[in-house]
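Everything below concerns the one structure shown next.
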Amino acid sequence: MTMSLGPYASFIVMSYAAAAIVVAILIGWIVLDYRNQTRRLRDLERSGITRRSGRSAMDTPRTIT
Amino acid sequence: MTLIDLANPTRFLALTARVLPWLAAATVILLTVGLYQSAYAPDDYQQGATVKIMFIHVPNAWLSMFVWGVMSIASLGTLVWRHPLADVAAKAAAPIGAAFTFLALLTGSLWGRPMWGTYWEWDARLTSVLILFLMYLGLMALWRAVDDPSRAARAAAVLTLVGAINLPIIKFSVDWWNTLHQPASVMRMGGSTLDKSFLIPLLVMAVAFTLLFVTLHLAAMRNEILRRRVRSLQMMQASRVAFSSDVGGGSNASKEVGAA
């Protein structure tokens, strides 16, 4: 089975390309933001600033109860 | 696990670390299936191949309203139940909702040009969705304008709940006014009017995009929690610096008094 997009192929391709670009930007922004926040937390902890609980700011409990 | 258990950000981070890989994998699989089905769906007897635009336009249009609905529930969580993660959820959802709304407007416009003969028409459905998009941008601006997240949260929650009035207007605009936009064809009394060859890819894509939203939202919430931890550690650092400079300044002053 072959796919034919007809006379309005450019509109269809543009729609899918725009969706792909916007979703890629969203994913990229979230991944970069995560890296940025974890790097800043590590830098702060390295300089001796810790949470009042004494735990690392990136700590997560091993079990969820 | 209850909603109250998730009030602890550390537990929430543990949950996201476990769930995110599975959600991302499910999203990729469902999107692949949906895109394949969309690509090989038959042409519509009126729209021709442009019906394929509907497979991304409709899920994005649904999500534009769904995300505002999620933000409205989160806003109730902020104002009524004071759930610690409610404003985190609302803030993290706004840019994602704005992106989906932008895509709904853009893909609708790209479908409208060949089908209606125009990219844009100031009819009730299109205008109310444009207002929704502007409200998303306004909300994001509000969050950025106030430094303290807890202060911004209350104002943003009120604005979100007021903005929720727009959701039924968007949904029923095609019934209440005479618009160029076609009436509901999937979620309507009496069942869908779509043929299965269009309905199945559309529903698969809708579920795939919803999973994409859930995945991105959880990841963005995790980032927001980390951002707030960075902020509180920076404030602790600043207060230590201020305290040590105060102590240093105080000792200099006493020396000066002593010298005098």
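Following the order of the structure tokens, chains are lettered A, B, ..., residues in each are numbered from 1, and ligands are numbered from 1.
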
Near region 22-33 of chain B, counting only C-alpha atoms, which residues have an atom at most 6 Å away, once you skip same-chain residues fewer than 5 positions from it, shown as a list in words?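 Skipping anything fewer than 5 positions along the chain leaves Ala208, Leu211, Leu212 and Thr215 of chain B.
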
Can those selected residues be exported to a file as a PDB file, in the first residue's frame so that it contains C-alpha atoms?
ATOM      1  CA  ALA B 208      -0.683   8.873  22.487  1.00  0.00           C
ATOM      2  CA  LEU B 211       0.404  10.029  27.364  1.00  0.00           C
ATOM      3  CA  LEU B 212       2.940  12.476  25.911  1.00  0.00           C
ATOM      4  CA  THR B 215       5.128  12.168  30.584  1.00  0.00           C
TER       5      THR B 215
END

Could you tell me which residues of chain B sit within 8 Å of chain A when counting only C-alpha atoms, and give me the result as a ChimeraX atom specification? /B:1,10-11,13-15,39-40,48-50,52-53,56,96,99,103,106-107,110-111,114,216,219-220,222-223,226-227,229-230,233-234,236-237

Taking only region 16-258 of chain B into account, list the residues labelled alpha helix (DSSP H) by DSSP (computed from the backbone), as an NGL selection string. :B and (16-39 or 51-76 or 86-116 or 124-145 or 149-163 or 166-176 or 196-258)

Would you work out the distance separating CA of Glu224 (chain B) from CA of Arg151 (chain B), expressed in Å to one decimal?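 Those two atoms sit 15.4 Å apart.
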
Neighbouring residues of Pro183 (chain B) were defined as those with any atom within 12 Å, considering only C-alpha atoms; residues of the same chain fewer than 2 positions away were excluded. Please report them as a PyMOL selection string. chain B and resi 124-125+170-181+185-189+192-193

Hey, can you spit out that residue selection with N, CA and C atoms as a CSV table (one decimal), in the first residue's frame?
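File selection-v9.csv, as written:
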chain,number,residue,atom,x,y,z
B,124,ALA,N,-16.4,31.9,16.3
B,124,ALA,CA,-16.4,31.7,17.8
B,124,ALA,C,-15.4,30.6,18.2
B,125,ARG,N,-15.3,29.5,17.5
B,125,ARG,CA,-14.4,28.4,17.9
B,125,ARG,C,-12.9,28.9,17.8
B,170,ILE,N,-15.5,27.2,24.5
B,170,ILE,CA,-14.8,26.6,23.4
B,170,ILE,C,-15.6,25.4,22.9
B,171,LYS,N,-16.0,24.5,23.9
B,171,LYS,CA,-16.7,23.3,23.5
B,171,LYS,C,-18.0,23.5,22.8
B,172,PHE,N,-18.8,24.4,23.3
B,172,PHE,CA,-20.2,24.6,22.8
B,172,PHE,C,-20.3,25.8,21.8
B,173,SER,N,-19.1,26.4,21.5
B,173,SER,CA,-19.2,27.6,20.6
B,173,SER,C,-19.8,27.2,19.2
B,174,VAL,N,-19.5,25.9,18.8
B,174,VAL,CA,-20.0,25.5,17.5
B,174,VAL,C,-21.5,25.2,17.5
B,175,ASP,N,-22.1,25.1,18.7
B,175,ASP,CA,-23.5,24.9,18.8
B,175,ASP,C,-24.2,26.2,19.1
B,176,TRP,N,-23.6,27.1,19.9
B,176,TRP,CA,-24.2,28.3,20.3
B,176,TRP,C,-24.2,29.4,19.2
B,177,TRP,N,-23.2,29.4,18.4
B,177,TRP,CA,-23.1,30.4,17.3
B,177,TRP,C,-23.0,29.7,16.0
B,178,ASN,N,-23.3,30.5,14.9
B,178,ASN,CA,-23.1,30.0,13.6
B,178,ASN,C,-21.7,30.2,13.1
B,179,THR,N,-20.9,29.1,13.2
B,179,THR,CA,-19.5,29.2,12.9
B,179,THR,C,-19.1,28.4,11.7
B,180,LEU,N,-17.9,28.7,11.1
B,180,LEU,CA,-17.4,28.0,10.0
B,180,LEU,C,-16.9,26.6,10.4
B,181,HIS,N,-16.4,26.6,11.7
B,181,HIS,CA,-15.9,25.3,12.3
B,181,HIS,C,-17.0,24.3,12.3
B,185,SER,N,-17.9,15.8,16.2
B,185,SER,CA,-18.2,14.6,15.4
B,185,SER,C,-17.7,13.3,16.1
B,186,VAL,N,-17.0,13.5,17.3
B,186,VAL,CA,-16.5,12.3,18.0
B,186,VAL,C,-17.3,12.3,19.4
B,187,MET,N,-17.1,13.3,20.2
B,187,MET,CA,-17.8,13.3,21.5
B,187,MET,C,-19.1,14.0,21.4
B,188,ARG,N,-20.1,13.3,21.1
B,188,ARG,CA,-21.4,13.9,20.9
B,188,ARG,C,-22.5,12.9,21.3
B,189,MET,N,-23.7,13.5,21.6
B,189,MET,CA,-24.8,12.6,21.9
B,189,MET,C,-25.2,11.8,20.7
B,192,SER,N,-20.2,8.7,17.8
B,192,SER,CA,-19.4,9.4,16.8
B,192,SER,C,-20.0,9.2,15.4
B,193,THR,N,-19.8,10.3,14.6
B,193,THR,CA,-20.3,10.2,13.2
B,193,THR,C,-19.1,9.7,12.3

Just the residues within 6 Å of Pro201 (chain B), please, counting only C-alpha atoms, with nothing from its chain fewer than 3 positions along; format it as a list in words. Gly34, Gln37, Ser38, Phe198 and Val204 of chain B

CA of Phe209 (chain B) to CA of Met135 (chain B), straight-line distance in Å: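 Spanning CA of Met135 (chain B) to CA of Phe209 (chain B) is a straight-line distance of 21.5 Å.
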
Which is closer to Val88 (chain B) than all the others in B:Ala184, B:Val247, B:Ala157, B:Leu137, using only C-alpha atoms?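 Of all the options, B:Ala157 lies closest to Val88 (chain B).
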
Among the residues B:Ala156, B:Asp147, B:Tyr119, B:Met205, the one that comes closest to Ala74 (chain B) [using only C-alpha atoms]: B:Ala156

Residue contacts of Tyr136 (chain B) (8 Å, only C-alpha atoms) excluding same-chain residues fewer than 3 positions away, as a PyMOL selection string: chain B and resi 94-95+97-98+132-133+139-140

Give me a file of those residues, with N, CA and C atoms, as a PDB file, in the first residue's frame.
ATOM      1  N   ALA B  94       1.536  24.689  32.319  1.00  0.00           N
ATOM      2  CA  ALA B  94       1.200  25.836  31.465  1.00  0.00           C
ATOM      3  C   ALA B  94       1.974  25.880  30.137  1.00  0.00           C
ATOM      4  N   PRO B  95       3.313  25.761  30.141  1.00  0.00           N
ATOM      5  CA  PRO B  95       4.012  25.833  28.855  1.00  0.00           C
ATOM      6  C   PRO B  95       3.656  24.672  27.922  1.00  0.00           C
ATOM      7  N   GLY B  97       0.719  23.082  27.861  1.00  0.00           N
ATOM      8  CA  GLY B  97      -0.609  23.399  27.336  1.00  0.00           C
ATOM      9  C   GLY B  97      -0.539  24.469  26.252  1.00  0.00           C
ATOM     10  N   ALA B  98       0.325  25.464  26.454  1.00  0.00           N
ATOM     11  CA  ALA B  98       0.481  26.520  25.449  1.00  0.00           C
ATOM     12  C   ALA B  98       0.990  25.930  24.135  1.00  0.00           C
ATOM     13  N   LEU B 132      -7.720  31.232  24.611  1.00  0.00           N
ATOM     14  CA  LEU B 132      -7.126  30.234  25.508  1.00  0.00           C
ATOM     15  C   LEU B 132      -5.602  30.272  25.408  1.00  0.00           C
ATOM     16  N   PHE B 133      -5.093  30.369  24.178  1.00  0.00           N
ATOM     17  CA  PHE B 133      -3.640  30.431  23.974  1.00  0.00           C
ATOM     18  C   PHE B 133      -3.048  31.672  24.656  1.00  0.00           C
ATOM     19  N   LEU B 139      -0.583  33.493  31.865  1.00  0.00           N
ATOM     20  CA  LEU B 139      -0.316  32.744  33.097  1.00  0.00           C
ATOM     21  C   LEU B 139       1.193  32.496  33.263  1.00  0.00           C
ATOM     22  N   MET B 140       1.847  32.148  32.162  1.00  0.00           N
ATOM     23  CA  MET B 140       3.303  31.919  32.215  1.00  0.00           C
ATOM     24  C   MET B 140       4.023  33.218  32.590  1.00  0.00           C
TER      25      MET B 140
END

Hey, what's within 9 Å of Ala164 (chain B) if we count only C-alpha atoms and toss same-chain stuff fewer than 6 positions away? As a list in words, please?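 Returned residues: Met65, Trp68, Gly69 and Ser72 of chain B.
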